[in-house]
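Raw target_38.cif, mmCIF, C-alpha atoms and all ligand atoms:
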data_protein
#
loop_
_atom_site.label_atom_id
_atom_site.label_comp_id
_atom_site.auth_asym_id
_atom_site.auth_seq_id
_atom_site.Cartn_x
_atom_site.Cartn_y
_atom_site.Cartn_z
CA MET A 1 -2.72 11.53 -13.29
CA THR A 2 0.39 9.35 -13.07
CA ALA A 3 1.99 7.65 -10.11
CA ALA A 4 4.62 10.36 -10.24
CA ASP A 5 1.87 12.87 -9.50
CA LEU A 6 0.99 10.74 -6.50
CA GLY A 7 4.53 10.96 -5.25
CA ALA A 8 5.01 7.28 -6.02
CA GLY A 9 7.99 7.81 -8.29
CA VAL A 10 7.20 5.68 -11.35
CA ASP A 11 4.31 5.22 -13.71
CA ALA A 12 3.67 1.55 -13.12
CA ARG A 13 1.26 1.30 -16.06
CA ALA A 14 3.69 2.66 -18.60
CA GLN A 15 6.37 0.29 -17.44
CA GLY A 16 4.31 -2.83 -18.06
CA ALA A 17 4.75 -3.68 -14.40
CA LEU A 18 2.29 -6.58 -14.60
CA ALA A 19 3.20 -7.96 -18.04
CA GLY A 20 2.46 -11.68 -18.24
CA ARG A 21 0.79 -11.81 -14.84
CA VAL A 22 -2.74 -12.75 -13.81
CA VAL A 23 -4.44 -10.62 -11.17
CA LEU A 24 -7.88 -10.92 -9.60
CA VAL A 25 -9.83 -7.78 -8.68
CA THR A 26 -12.89 -8.02 -6.42
CA GLY A 27 -15.46 -5.21 -6.59
CA ALA A 28 -14.50 -4.86 -10.24
CA ASN A 29 -17.73 -2.94 -10.89
CA GLY A 30 -16.99 -0.50 -8.11
CA ALA A 31 -15.22 2.82 -8.57
CA LEU A 32 -11.79 1.79 -7.27
CA GLY A 33 -12.06 -1.78 -8.55
CA GLU A 34 -12.84 -0.71 -12.09
CA ALA A 35 -10.14 1.97 -12.18
CA ALA A 36 -7.60 -0.50 -10.80
CA ALA A 37 -8.67 -3.20 -13.27
CA ARG A 38 -8.13 -0.79 -16.18
CA ALA A 39 -4.72 0.23 -14.84
CA CYS A 40 -3.73 -3.43 -14.40
CA ALA A 41 -4.73 -4.20 -17.99
CA LEU A 42 -2.69 -1.23 -19.20
CA ALA A 43 0.22 -2.55 -17.14
CA GLY A 44 -0.01 -5.83 -19.08
CA ALA A 45 -1.98 -8.06 -16.70
CA THR A 46 -4.68 -10.56 -17.53
CA VAL A 47 -7.35 -9.36 -15.14
CA VAL A 48 -9.96 -11.62 -13.56
CA LEU A 49 -12.94 -9.36 -12.93
CA LEU A 50 -14.96 -10.51 -9.91
CA GLY A 51 -18.34 -8.91 -9.29
CA ARG A 52 -22.00 -9.72 -8.93
CA ARG A 53 -23.50 -7.86 -11.92
CA VAL A 54 -22.83 -9.77 -15.11
CA PRO A 55 -23.86 -7.15 -17.71
CA ARG A 56 -21.56 -4.56 -16.13
CA LEU A 57 -18.75 -7.11 -15.85
CA GLN A 58 -19.25 -7.91 -19.52
CA ARG A 59 -18.98 -4.23 -20.50
CA LEU A 60 -15.79 -3.84 -18.46
CA HIS A 61 -14.46 -7.04 -19.98
CA ASP A 62 -14.87 -5.58 -23.46
CA ALA A 63 -13.25 -2.29 -22.46
CA LEU A 64 -10.23 -4.09 -20.99
CA ALA A 65 -9.89 -6.38 -23.99
CA ALA A 66 -9.34 -3.26 -26.09
CA ILE A 67 -6.41 -2.02 -24.00
CA GLY A 68 -4.68 -5.12 -22.65
CA PRO A 69 -4.56 -8.92 -22.62
CA PRO A 70 -7.97 -10.66 -22.85
CA PRO A 71 -9.50 -10.49 -19.34
CA ALA A 72 -11.82 -12.99 -17.67
CA ILE A 73 -14.99 -12.44 -15.69
CA TYR A 74 -15.93 -14.37 -12.59
CA PRO A 75 -19.45 -13.54 -11.33
CA LEU A 76 -19.71 -14.14 -7.59
CA ASP A 77 -21.76 -12.67 -4.78
CA LEU A 78 -19.34 -12.42 -1.86
CA LEU A 79 -22.21 -12.48 0.59
CA GLY A 80 -23.40 -15.97 -0.28
CA ALA A 81 -20.15 -17.53 -1.48
CA THR A 82 -18.95 -20.56 0.48
CA PRO A 83 -15.43 -21.98 0.86
CA ALA A 84 -16.39 -24.51 -1.83
CA ASP A 85 -17.24 -21.64 -4.21
CA TYR A 86 -13.85 -20.05 -3.64
CA ALA A 87 -12.12 -23.39 -4.13
CA GLN A 88 -14.01 -23.78 -7.41
CA MET A 89 -12.98 -20.25 -8.42
CA ALA A 90 -9.31 -20.95 -7.73
CA THR A 91 -9.50 -24.21 -9.67
CA SER A 92 -11.09 -22.44 -12.67
CA ILE A 93 -8.42 -19.73 -12.68
CA GLY A 94 -5.70 -22.38 -12.48
CA GLU A 95 -7.20 -24.45 -15.28
CA GLN A 96 -8.04 -21.58 -17.60
CA LEU A 97 -5.24 -19.08 -16.96
CA GLY A 98 -2.53 -21.31 -15.50
CA ARG A 99 -1.43 -19.00 -12.71
CA LEU A 100 -2.41 -16.27 -10.27
CA ASP A 101 0.01 -13.51 -9.28
CA GLY A 102 -2.10 -11.04 -7.37
CA VAL A 103 -5.39 -10.28 -5.64
CA LEU A 104 -6.81 -6.82 -5.03
CA HIS A 105 -9.68 -6.81 -2.53
CA ALA A 106 -11.58 -3.71 -3.69
CA ALA A 107 -15.14 -4.87 -2.88
CA ALA A 108 -16.87 -3.33 0.11
CA GLU A 109 -20.30 -3.46 1.69
CA PHE A 110 -21.57 -0.26 3.31
CA GLN A 111 -25.25 0.58 3.79
CA GLY A 112 -24.87 4.01 5.35
CA LEU A 113 -24.26 5.59 8.76
CA THR A 114 -26.39 4.07 11.53
CA PRO A 115 -26.00 3.84 15.32
CA LEU A 116 -25.19 0.30 16.43
CA GLN A 117 -28.30 0.31 18.60
CA ASN A 118 -30.50 0.72 15.52
CA THR A 119 -28.55 -1.51 13.14
CA GLU A 120 -30.37 -4.53 11.77
CA PRO A 121 -28.40 -7.52 13.13
CA SER A 122 -28.31 -9.12 9.69
CA GLU A 123 -26.82 -5.92 8.17
CA PHE A 124 -24.03 -5.89 10.73
CA VAL A 125 -23.21 -9.54 10.15
CA ASP A 126 -23.35 -9.12 6.36
CA ALA A 127 -20.95 -6.18 6.49
CA LEU A 128 -18.46 -8.22 8.51
CA HIS A 129 -18.87 -11.12 6.12
CA VAL A 130 -18.34 -9.19 2.87
CA ASN A 131 -15.66 -6.84 4.22
CA VAL A 132 -13.50 -9.25 6.16
CA GLY A 133 -14.84 -12.82 5.93
CA ALA A 134 -14.86 -12.87 2.14
CA PRO A 135 -11.31 -11.46 1.78
CA PHE A 136 -10.16 -14.20 4.16
CA LEU A 137 -11.97 -17.01 2.34
CA LEU A 138 -10.88 -15.82 -1.11
CA THR A 139 -7.26 -15.29 -0.07
CA GLN A 140 -7.13 -18.68 1.63
CA ALA A 141 -8.37 -20.40 -1.52
CA CYS A 142 -5.87 -18.54 -3.72
CA LEU A 143 -2.79 -18.87 -1.51
CA PRO A 144 -1.51 -22.17 -2.93
CA MET A 145 -1.47 -20.63 -6.43
CA LEU A 146 -0.04 -17.33 -5.20
CA ARG A 147 2.77 -19.16 -3.40
CA ARG A 148 3.71 -20.87 -6.67
CA ALA A 149 4.01 -17.54 -8.53
CA PRO A 150 7.50 -16.07 -8.97
CA GLN A 151 6.35 -12.86 -7.26
CA ALA A 152 2.85 -12.46 -5.87
CA ALA A 153 0.80 -9.90 -3.95
CA VAL A 154 -2.31 -9.72 -1.81
CA VAL A 155 -3.65 -6.18 -1.46
CA PHE A 156 -6.37 -5.26 1.03
CA VAL A 157 -8.10 -1.89 0.88
CA LEU A 158 -8.47 -0.15 4.23
CA ASP A 159 -10.20 3.04 5.22
CA ASP A 160 -9.09 5.73 7.63
CA LEU A 161 -9.46 4.03 11.01
CA GLN A 162 -9.56 7.41 12.75
CA ARG A 163 -12.74 8.18 10.80
CA VAL A 164 -14.46 4.78 10.60
CA GLY A 165 -13.62 4.01 14.24
CA ARG A 166 -16.18 6.59 15.28
CA ALA A 167 -19.93 6.73 15.79
CA TYR A 168 -22.28 5.26 13.17
CA TRP A 169 -19.76 3.45 10.93
CA GLY A 170 -21.16 0.13 12.14
CA GLY A 171 -20.09 -3.20 10.66
CA TYR A 172 -18.11 -1.47 7.90
CA GLY A 173 -15.97 0.34 10.46
CA VAL A 174 -15.50 -2.75 12.61
CA ALA A 175 -14.53 -4.80 9.55
CA LYS A 176 -11.81 -2.32 8.50
CA PHE A 177 -10.16 -2.74 11.93
CA ALA A 178 -10.33 -6.50 11.47
CA LEU A 179 -8.86 -6.21 7.98
CA GLN A 180 -5.88 -4.35 9.37
CA GLY A 181 -5.43 -7.21 11.85
CA MET A 182 -5.58 -9.74 9.01
CA LEU A 183 -2.96 -7.75 7.07
CA ARG A 184 -0.55 -7.98 9.99
CA ILE A 185 -1.16 -11.64 10.76
CA LEU A 186 -0.97 -12.80 7.13
CA ALA A 187 2.09 -10.68 6.39
CA ASP A 188 3.84 -12.24 9.37
CA GLU A 189 2.92 -15.74 8.24
CA LEU A 190 4.18 -15.02 4.71
CA GLU A 191 7.33 -13.19 5.80
CA ASN A 192 9.60 -15.74 4.14
CA SER A 193 7.47 -16.37 1.08
CA ARG A 194 7.33 -14.68 -2.32
CA VAL A 195 3.88 -13.26 -1.51
CA GLN A 196 3.79 -9.59 -0.53
CA VAL A 197 0.82 -8.72 1.68
CA SER A 198 -0.02 -5.04 1.88
CA ALA A 199 -2.88 -2.59 2.18
CA LEU A 200 -3.85 0.51 0.30
CA GLN A 201 -5.54 3.18 2.36
CA PRO A 202 -6.90 5.69 -0.11
CA GLY A 203 -7.99 9.08 1.07
CA PRO A 204 -11.60 10.09 0.53
CA MET A 205 -12.70 9.37 -3.06
CA GLN A 206 -15.75 10.63 -4.90
CA THR A 207 -17.58 7.30 -5.18
CA GLY A 208 -20.98 5.79 -4.53
CA LEU A 209 -19.73 4.36 -1.25
CA ARG A 210 -18.66 7.77 0.04
CA ALA A 211 -21.92 9.33 -1.09
CA LYS A 212 -23.81 6.95 1.22
CA ALA A 213 -22.08 8.57 4.20
CA PHE A 214 -21.77 12.16 2.97
CA MET A 215 -24.88 12.71 0.91
CA THR A 216 -24.67 16.48 0.63
CA GLU A 217 -21.04 16.65 -0.50
CA ARG A 218 -20.57 18.52 -3.77
CA PRO A 219 -19.13 16.56 -6.73
CA GLY A 220 -15.44 17.33 -7.16
CA THR A 221 -14.81 17.73 -3.44
CA TRP A 222 -12.61 14.64 -3.49
CA PRO A 223 -10.53 12.97 -6.21
CA PRO A 224 -11.99 10.20 -8.35
CA ALA A 225 -11.03 6.62 -7.53
CA GLY A 226 -8.76 6.48 -10.59
CA THR A 227 -6.33 8.69 -8.69
CA TYR A 228 -5.30 5.58 -6.77
CA ALA A 229 -5.18 3.15 -9.69
CA ASP A 230 -1.42 3.34 -10.20
CA ALA A 231 -0.88 2.71 -6.51
CA CYS A 232 -2.92 -0.51 -6.87
CA VAL A 233 -0.69 -1.60 -9.76
CA GLN A 234 2.44 -0.88 -7.76
CA LEU A 235 1.24 -2.89 -4.77
CA LEU A 236 0.17 -5.77 -7.03
CA ALA A 237 3.54 -5.73 -8.80
CA GLY A 238 5.23 -6.15 -5.41
CA ALA A 239 8.60 -5.50 -7.05
CA SER A 240 10.31 -4.68 -3.79
CA ARG A 241 8.91 -5.90 -0.49
CA GLU A 242 8.90 -2.38 0.92
CA HIS A 243 5.11 -2.48 1.41
CA HIS A 244 5.00 -5.96 2.99
CA GLY A 245 2.86 -5.85 6.14
CA LYS A 246 2.30 -2.13 5.73
CA VAL A 247 -0.54 0.26 4.99
CA TRP A 248 0.20 2.73 2.21
CA THR A 249 -1.58 6.06 1.79
CA PRO A 250 -0.22 7.61 -1.39
CA ALA A 251 0.09 11.38 -1.31
CA VAL A 252 -2.44 13.04 -3.57
CA THR A 253 -2.71 16.62 -4.67
CA TRP A 254 -6.36 17.59 -5.01
CA PRO A 255 -7.56 19.47 -6.89
CA PRO A 256 -4.66 18.84 -9.31
CA ALA A 257 -2.40 21.84 -9.74
CA THR A 258 -3.49 23.72 -12.84
CA THR A 259 -0.98 25.12 -15.30
CA PRO A 260 -0.70 28.83 -14.57
CA VAL A 261 -2.07 31.00 -17.32
CA ALA A 262 0.77 32.97 -18.95
CA THR A 263 0.41 36.69 -18.48
CA ILE A 264 2.08 39.31 -20.64
CA ASP A 265 2.73 42.77 -19.37
CA LEU A 266 1.12 45.13 -21.84
CA PRO A 267 1.57 48.88 -21.70
CA MET A 268 -1.44 50.50 -20.15
CA ALA A 269 -3.78 51.64 -22.85
CA ALA A 270 -4.15 55.38 -22.93
CA PRO A 271 -7.56 56.40 -21.66
CA ALA A 272 -9.99 57.04 -24.48
CA PRO A 273 -10.50 60.74 -25.09
CA GLU A 274 -13.78 62.00 -23.77
CA ARG A 275 -16.28 62.61 -26.48
CA SER A 276 -17.74 66.05 -26.63
CA ARG A 277 -21.47 65.85 -26.85
N1 LIG B 301 -14.79 5.96 -1.39
C1 LIG B 301 -14.00 6.34 -0.41
O1 LIG B 301 -13.96 7.53 -0.04
C2 LIG B 301 -13.09 5.32 0.26
C3 LIG B 301 -12.17 5.77 1.21
C4 LIG B 301 -11.31 4.86 1.80
C5 LIG B 301 -11.39 3.52 1.47
N2 LIG B 301 -12.30 3.08 0.56
C6 LIG B 301 -12.31 1.67 0.21
O2 LIG B 301 -12.08 1.54 -1.17
C7 LIG B 301 -12.66 0.32 -1.63
C8 LIG B 301 -13.50 0.60 -2.86
O3 LIG B 301 -14.56 1.45 -2.51
P1 LIG B 301 -15.35 2.34 -3.57
O4 LIG B 301 -15.45 3.68 -2.99
O5 LIG B 301 -14.78 2.09 -4.92
O6 LIG B 301 -16.79 1.68 -3.42
P2 LIG B 301 -17.88 1.23 -4.50
O7 LIG B 301 -17.78 2.05 -5.73
O8 LIG B 301 -19.17 1.18 -3.77
O9 LIG B 301 -17.42 -0.26 -4.86
C9 LIG B 301 -17.63 -1.33 -3.99
C10 LIG B 301 -17.80 -2.59 -4.83
O10 LIG B 301 -17.99 -3.70 -3.95
C11 LIG B 301 -18.96 -4.54 -4.55
N3 LIG B 301 -19.65 -5.40 -3.60
C12 LIG B 301 -20.33 -5.05 -2.50
N4 LIG B 301 -20.91 -6.12 -1.96
C13 LIG B 301 -20.60 -7.18 -2.76
C14 LIG B 301 -20.93 -8.55 -2.75
N5 LIG B 301 -21.74 -9.08 -1.81
N6 LIG B 301 -20.44 -9.35 -3.72
C15 LIG B 301 -19.67 -8.85 -4.70
N7 LIG B 301 -19.32 -7.55 -4.78
C16 LIG B 301 -19.78 -6.72 -3.81
C17 LIG B 301 -19.97 -3.59 -5.18
O11 LIG B 301 -20.71 -4.32 -6.13
P3 LIG B 301 -21.98 -3.70 -6.90
O12 LIG B 301 -21.36 -2.78 -7.93
O13 LIG B 301 -22.63 -4.89 -7.48
O14 LIG B 301 -22.78 -2.98 -5.86
C18 LIG B 301 -19.03 -2.54 -5.76
O15 LIG B 301 -18.66 -2.91 -7.07
C19 LIG B 301 -13.46 -0.24 -0.46
O16 LIG B 301 -12.69 -1.23 0.20
C20 LIG B 301 -13.62 0.96 0.47
O17 LIG B 301 -13.75 0.56 1.80
C21 LIG B 301 -13.16 3.96 -0.06
#

Since I need it in another form, could you write the structure as structure tokens?
Ligand SMILES: NC(=O)c1ccc[n+]([C@@H]2O[C@H](COP(=O)([O-])OP(=O)(O)OC[C@H]3O[C@@H](n4cnc5c(N)ncnc54)[C@H](OP(=O)(O)O)[C@@H]3O)[C@@H](O)[C@H]2O)c1
Amino acid sequence: MTAADLGAGVDARAQGALAGRVVLVTGANGALGEAAARACALAGATVVLLGRRVPRLQRLHDALAAIGPPPAIYPLDLLGATPADYAQMATSIGEQLGRLDGVLHAAAEFQGLTPLQNTEPSEFVDALHVNVGAPFLLTQACLPMLRRAPQAAVVFVLDDLQRVGRAYWGGYGVAKFALQGMLRILADELENSRVQVSALQPGPMQTGLRAKAFMTERPGTWPPAGTYADACVQLLAGASREHHGKVWTPAVTWPPATTPVATIDLPMAAPAPERSR
């Protein structure tokens, strides 16, 4: 599926929209993160793959190296990472890759639907930390480099606040509201900079995260995460500032329209003569 299919107008991958740029993707082993990382590589970016499972990062690294500029992996557990860890990460990217042009925050922590009354306090706090604290800390550490880039982008990934602002969505739901607040505040602060701050709000996607909330849903009910990969590239490219400070939900047709099967009008076959017994 191309961005044109999404109603986005251009196929950002085909146009090399990220040629020569360095972008960091968190949750690179997740469904959306991996699809976006592949699309960024196809669009010409050097992708820094951030995740916590090294063998899977290594496999993705090899896959990206075959389709785009050599990527880099940066293993980090967002739950335990400190400001010093993020500072170290930014320094490494600067020293080894020389620049940073974009960050896509695709990581998310969600343990499943639980009433607040029954939620383990540590689970609630962890969800807030990974889903909103970590994006803040990572963005803060990267901002000096992003500000130096000719055209940079920070992309948060939201969820439908109508849905996750309801019963049982716990720390994940609360964090998505906070993330929308951070989008607005940061976009305002960077209004006169070259850094575009935006958010992607994908519709439901058939991923492991969704399956934790909707366990009985049949496969194929919702589009795969790759459906939104071109949208990630477009937001990271930040070519126009039309998305600055805004939440974008690309239009998706699902299931994709199938090509109609050609039918030919044939003359009705004459009924077979009855056999005499
Ligand atoms: N799926 C949907 O229907 C849907 C709808 C709207 C919005 N979204 C948003 O889309 C984004 C991507 O979601 P997804 O569906 O692709 O989920 P996913 O497949 O579960 O991916 C989430 C990723 O976050 C990583 N992660 C979680 N905790 C981490 C930590 N402490 N340190 C490092 N990485 C960590 C996971 O790492 P591991 O692989 O190591 O577990 C995983 O790779 C999320 O922001 C989500 O809120 C999803």

- [ ] Please provide the set of residues having any atom within 9 Å of Gln140 in chain A, restricted to all atoms listed in the file, with same-chain residues fewer than 5 positions apart removed, written as a VMD selection string.
- [x] chain A and resid 83 86 to 87 135

- [ ] Between A:Ala213, A:Leu186, A:Met89, A:Leu200, single out the one closest to Val164 in chain A, counting only C-alpha atoms.
- [x] A:Ala213

Open item on the list: Let me make sure I understand: among A:Leu104, A:Met215, A:Leu64, A:Leu158, which one has the smallest atom-to-atom distance to ligand LIG 301 (chain B) if we use only C-alpha atoms and all ligand atoms?
Closed with: A:Leu158

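The nearest approach to ligand LIG 301 (chain B) among the residues A:Pro75, A:Pro250, A:Pro204, A:Gly220, with all atoms listed in the file taken into account, belongs to A:Pro204.
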
Task: Top pick for closest residue to ligand LIG 301 (chain B), considering A:Asp62, A:Glu34, A:Asp85, A:Glu120 and counting all atoms listed in the file - done: A:Glu34

TODO: Determine the nearest neighbour of ligand LIG 301 (chain B) from the options A:Pro144, A:Gly30, A:Pro121, A:Gly245, counting only C-alpha atoms and all ligand atoms.
DONE: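 Of the candidates, the smallest distance to ligand LIG 301 (chain B) is held by A:Gly30.
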
Could range 146-164 of chain A be written out with C-alpha atoms, as a PDB file, in the first residue's frame, please?
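Written file, result.pdb:
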ATOM      1  CA  LEU A 146      17.754  18.220  16.064  1.00  0.00           C
ATOM      2  CA  ARG A 147      17.915  22.017  16.241  1.00  0.00           C
ATOM      3  CA  ARG A 148      21.177  21.949  14.290  1.00  0.00           C
ATOM      4  CA  ALA A 149      19.650  19.877  11.454  1.00  0.00           C
ATOM      5  CA  PRO A 150      18.500  21.751   8.334  1.00  0.00           C
ATOM      6  CA  GLN A 151      15.007  20.286   8.765  1.00  0.00           C
ATOM      7  CA  ALA A 152      14.097  18.055  11.689  1.00  0.00           C
ATOM      8  CA  ALA A 153      11.061  16.273  13.100  1.00  0.00           C
ATOM      9  CA  VAL A 154       9.836  14.787  16.362  1.00  0.00           C
ATOM     10  CA  VAL A 155       6.919  12.400  15.892  1.00  0.00           C
ATOM     11  CA  PHE A 156       4.879  11.075  18.807  1.00  0.00           C
ATOM     12  CA  VAL A 157       2.422   8.219  18.340  1.00  0.00           C
ATOM     13  CA  LEU A 158      -0.960   8.762  19.967  1.00  0.00           C
ATOM     14  CA  ASP A 159      -3.957   6.516  20.312  1.00  0.00           C
ATOM     15  CA  ASP A 160      -7.636   7.350  19.988  1.00  0.00           C
ATOM     16  CA  LEU A 161      -8.310   9.372  23.134  1.00  0.00           C
ATOM     17  CA  GLN A 162     -12.036   8.664  22.849  1.00  0.00           C
ATOM     18  CA  ARG A 163     -11.225   4.961  23.266  1.00  0.00           C
ATOM     19  CA  VAL A 164      -8.299   4.998  25.697  1.00  0.00           C
TER      20      VAL A 164
END
